[in-house]
Amino acid sequence: KSYPFQHWATGVQVAVCVFVANCEGASAHAMRPQSQDPFDVARFEVDATIKKVQFMHKEWKRLLDQQNTSESQQFKDLHAEISGELQMLDYDIQEVARSIQMVEQNRDKFRLSDAELSARQAFVKKCQEALQEVQSDLSSRRASSNMEEDRRQSLLSHRQKEQDEQQRRSAMDAEGYYAQEQMLQRQLIGQQEDELVELSKATLRVGQVALTINGELQTHVKMLEELNEDIDEQTHRMGILMKGVSAVLKTSNKCQTFGLIGLIFLFV
């Protein structure tokens, strides 16, 4: 991954090399027009990088305090970017420090006053302190503890989400099963109602048949009663006739005999 301002590292290295070369050839080129001091270029590049890192460090601290570092992609990207910038900055500062040390060890070859040398050494020290401040904060116990706590909270949150999702699915399955059972119960109730309707219709039909049969039975009973009455009447008449026949048979009167024969024909 390439980080912002990474191209400054090459600029600083070139500037340091040019600075050393110019210092070594200062006597030979004393009469040439003075160009910009390579150290000033390197100092500008390093100083700009430090300001950028400090700005990112401020944002890093805000995210550390306000967001879950385990879930915030912005924090992760910023943390990685700052780490890369610090490595490049550390290398650049070391290059500048070595160039100053070389000048200090070879004072007879370089036209540089003690004040200028001290100012440059102070600049390097200031940069090293700024670098150390950010590095220490990124690797501090507070930051590590905070990020570890965020990872733990993220893990617990993930597990809780999985449990909630499982419970939601179980509830949905239970609701589906309950709905299916309700549907089956409604179907059974509907079937039972249809069967009851058919049974009711059949009962009505049986009742109507029973009423018809009862009517016919009553008619037959009435006919039998009438038949019995006719039989009783005929029996009674027959009794009277038999008595008359018996009386006629006991007499020799022809009139009574002919009268009896007439009664027989009348009954017949």
# chains A, B, ... in the order shown; residues from 1 in each chain; ligands from 1
call {"tool": "residues_around", "arguments": {"residues": "Phe75 in chain A", "least_positions_apart": "3", "cutoff": "10 Å", "atoms": "only C-alpha atoms", "output": "compact mmCIF listing (two decimals) with N, CA, C and O atoms, in the first residue's frame"}}
result
# COMPACT_ATOMS: atom_id res chain seq x y z
N GLU A 59 -6.63 13.00 14.71
CA GLU A 59 -7.83 12.29 14.26
C GLU A 59 -7.84 10.86 14.80
O GLU A 59 -8.90 10.33 15.16
N TRP A 60 -6.67 10.25 14.85
CA TRP A 60 -6.55 8.88 15.39
C TRP A 60 -7.02 8.84 16.85
O TRP A 60 -7.73 7.90 17.24
N LYS A 61 -6.63 9.81 17.65
CA LYS A 61 -7.03 9.84 19.06
C LYS A 61 -8.53 10.05 19.19
O LYS A 61 -9.17 9.47 20.08
N ARG A 62 -9.09 10.87 18.31
CA ARG A 62 -10.55 11.10 18.36
C ARG A 62 -11.30 9.80 18.06
O ARG A 62 -12.25 9.44 18.76
N LEU A 63 -10.86 9.09 17.04
CA LEU A 63 -11.50 7.83 16.70
C LEU A 63 -11.30 6.79 17.79
O LEU A 63 -12.18 5.96 18.06
N LEU A 64 -10.13 6.81 18.42
CA LEU A 64 -9.84 5.86 19.50
C LEU A 64 -10.82 6.03 20.65
O LEU A 64 -11.24 5.06 21.28
N GLN A 67 -15.03 5.77 18.73
CA GLN A 67 -15.52 4.66 17.92
C GLN A 67 -14.94 3.33 18.40
O GLN A 67 -13.95 3.31 19.13
N ASN A 68 -15.60 2.28 17.98
CA ASN A 68 -15.09 0.94 18.25
C ASN A 68 -13.98 0.66 17.24
O ASN A 68 -14.24 0.48 16.05
N THR A 69 -12.75 0.63 17.72
CA THR A 69 -11.60 0.49 16.82
C THR A 69 -11.57 -0.84 16.10
O THR A 69 -10.95 -0.97 15.05
N SER A 70 -12.26 -1.84 16.66
CA SER A 70 -12.28 -3.15 16.02
C SER A 70 -13.23 -3.19 14.83
O SER A 70 -13.07 -4.01 13.94
N GLU A 71 -14.21 -2.28 14.81
CA GLU A 71 -15.20 -2.27 13.75
C GLU A 71 -15.04 -1.09 12.81
O GLU A 71 -15.59 -1.12 11.71
N SER A 72 -14.32 -0.05 13.22
CA SER A 72 -14.17 1.15 12.41
C SER A 72 -13.08 0.95 11.35
O SER A 72 -11.89 0.86 11.68
N LEU A 78 -6.44 4.51 9.09
CA LEU A 78 -5.64 5.61 9.60
C LEU A 78 -4.47 5.10 10.44
O LEU A 78 -3.35 5.64 10.35
N HIS A 79 -4.71 4.08 11.23
CA HIS A 79 -3.64 3.50 12.06
C HIS A 79 -2.52 2.94 11.18
O HIS A 79 -1.33 3.16 11.45
N ALA A 80 -2.90 2.23 10.11
CA ALA A 80 -1.90 1.67 9.21
C ALA A 80 -1.15 2.78 8.47
O ALA A 80 0.07 2.70 8.26
N GLU A 81 -1.87 3.83 8.08
CA GLU A 81 -1.24 4.92 7.36
C GLU A 81 -0.24 5.67 8.24
O GLU A 81 0.87 6.01 7.80
call {"tool": "residues_around", "arguments": {"residues": "Val124 in chain A", "least_positions_apart": "5", "cutoff": "9 Å", "atoms": "only C-alpha atoms", "output": "MDAnalysis selection string"}}
result
chainID A and resid 43 93:94 96:97 119 129
call {"tool": "closest_atom_pairs", "arguments": {"of": "range 94-186 of chain A", "to": "range 46-58 of chain A", "cutoff": "12 Å", "atoms": "only C-alpha atoms", "output": "Markdown table"}}
result
| residue | atom | partner | partner_atom | distance |
| --- | --- | --- | --- | --- |
| A:Gln94 | CA | A:Val46 | CA | 11.0 |
| A:Glu95 | CA | A:Val46 | CA | 10.9 |
| A:Val96 | CA | A:Val46 | CA | 9.4 |
| A:Ala97 | CA | A:Val46 | CA | 11.9 |
| A:Phe123 | CA | A:Asp47 | CA | 9.3 |
| A:Val124 | CA | A:Val46 | CA | 9.6 |
| A:Lys126 | CA | A:Asp47 | CA | 9.9 |
| A:Cys127 | CA | A:Ile50 | CA | 7.4 |
| A:Gln128 | CA | A:Ile50 | CA | 9.9 |
| A:Glu129 | CA | A:Ile50 | CA | 10.6 |
| A:Ala130 | CA | A:Ile50 | CA | 7.3 |
| A:Leu131 | CA | A:Ile50 | CA | 7.5 |
| A:Gln132 | CA | A:Ile50 | CA | 11.1 |
| A:Glu133 | CA | A:Gln54 | CA | 9.5 |
| A:Val134 | CA | A:His57 | CA | 6.9 |
| A:Gln135 | CA | A:His57 | CA | 9.7 |
| A:Ser136 | CA | A:His57 | CA | 11.4 |
| A:Asp137 | CA | A:His57 | CA | 8.8 |
| A:Leu138 | CA | A:His57 | CA | 8.6 |
call {"tool": "write_last_selection", "arguments": {"atoms": "C-alpha atoms", "output": "PDB file, in the first residue's frame"}}
result
ATOM      1  CA  GLN A  94      18.107   9.483  10.577  1.00  0.00           C
ATOM      2  CA  GLU A  95      19.415  10.492   7.141  1.00  0.00           C
ATOM      3  CA  VAL A  96      19.402  14.183   8.112  1.00  0.00           C
ATOM      4  CA  ALA A  97      21.061  13.377  11.459  1.00  0.00           C
ATOM      5  CA  PHE A 123      15.783  20.720  14.512  1.00  0.00           C
ATOM      6  CA  VAL A 124      16.663  17.023  14.357  1.00  0.00           C
ATOM      7  CA  LYS A 126      12.739  18.385  17.811  1.00  0.00           C
ATOM      8  CA  CYS A 127      11.721  16.045  14.973  1.00  0.00           C
ATOM      9  CA  GLN A 128      12.854  12.999  16.937  1.00  0.00           C
ATOM     10  CA  GLU A 129      10.796  14.123  19.937  1.00  0.00           C
ATOM     11  CA  ALA A 130       7.717  14.642  17.772  1.00  0.00           C
ATOM     12  CA  LEU A 131       8.246  11.244  16.195  1.00  0.00           C
ATOM     13  CA  GLN A 132       8.722   9.590  19.574  1.00  0.00           C
ATOM     14  CA  GLU A 133       5.553  11.229  20.927  1.00  0.00           C
ATOM     15  CA  VAL A 134       3.358   9.785  18.200  1.00  0.00           C
ATOM     16  CA  GLN A 135       5.078   6.389  18.297  1.00  0.00           C
ATOM     17  CA  SER A 136       4.668   6.184  22.063  1.00  0.00           C
ATOM     18  CA  ASP A 137       0.997   7.090  21.872  1.00  0.00           C
ATOM     19  CA  LEU A 138       0.283   4.488  19.189  1.00  0.00           C
TER      20      LEU A 138
END
call {"tool": "atom_distance", "arguments": {"atom1": "CA of Arg237 in chain A", "atom2": "CA of Thr219 in chain A"}}
result
26.7 Å
call {"tool": "atom_distance", "arguments": {"atom1": "CA of Asp92 in chain A", "atom2": "CA of Ala42 in chain A"}}
result
8.6 Å
call {"tool": "atom_distance", "arguments": {"atom1": "CA of Ser154 in chain A", "atom2": "CA of Gln73 in chain A"}}
result
13.2 Å
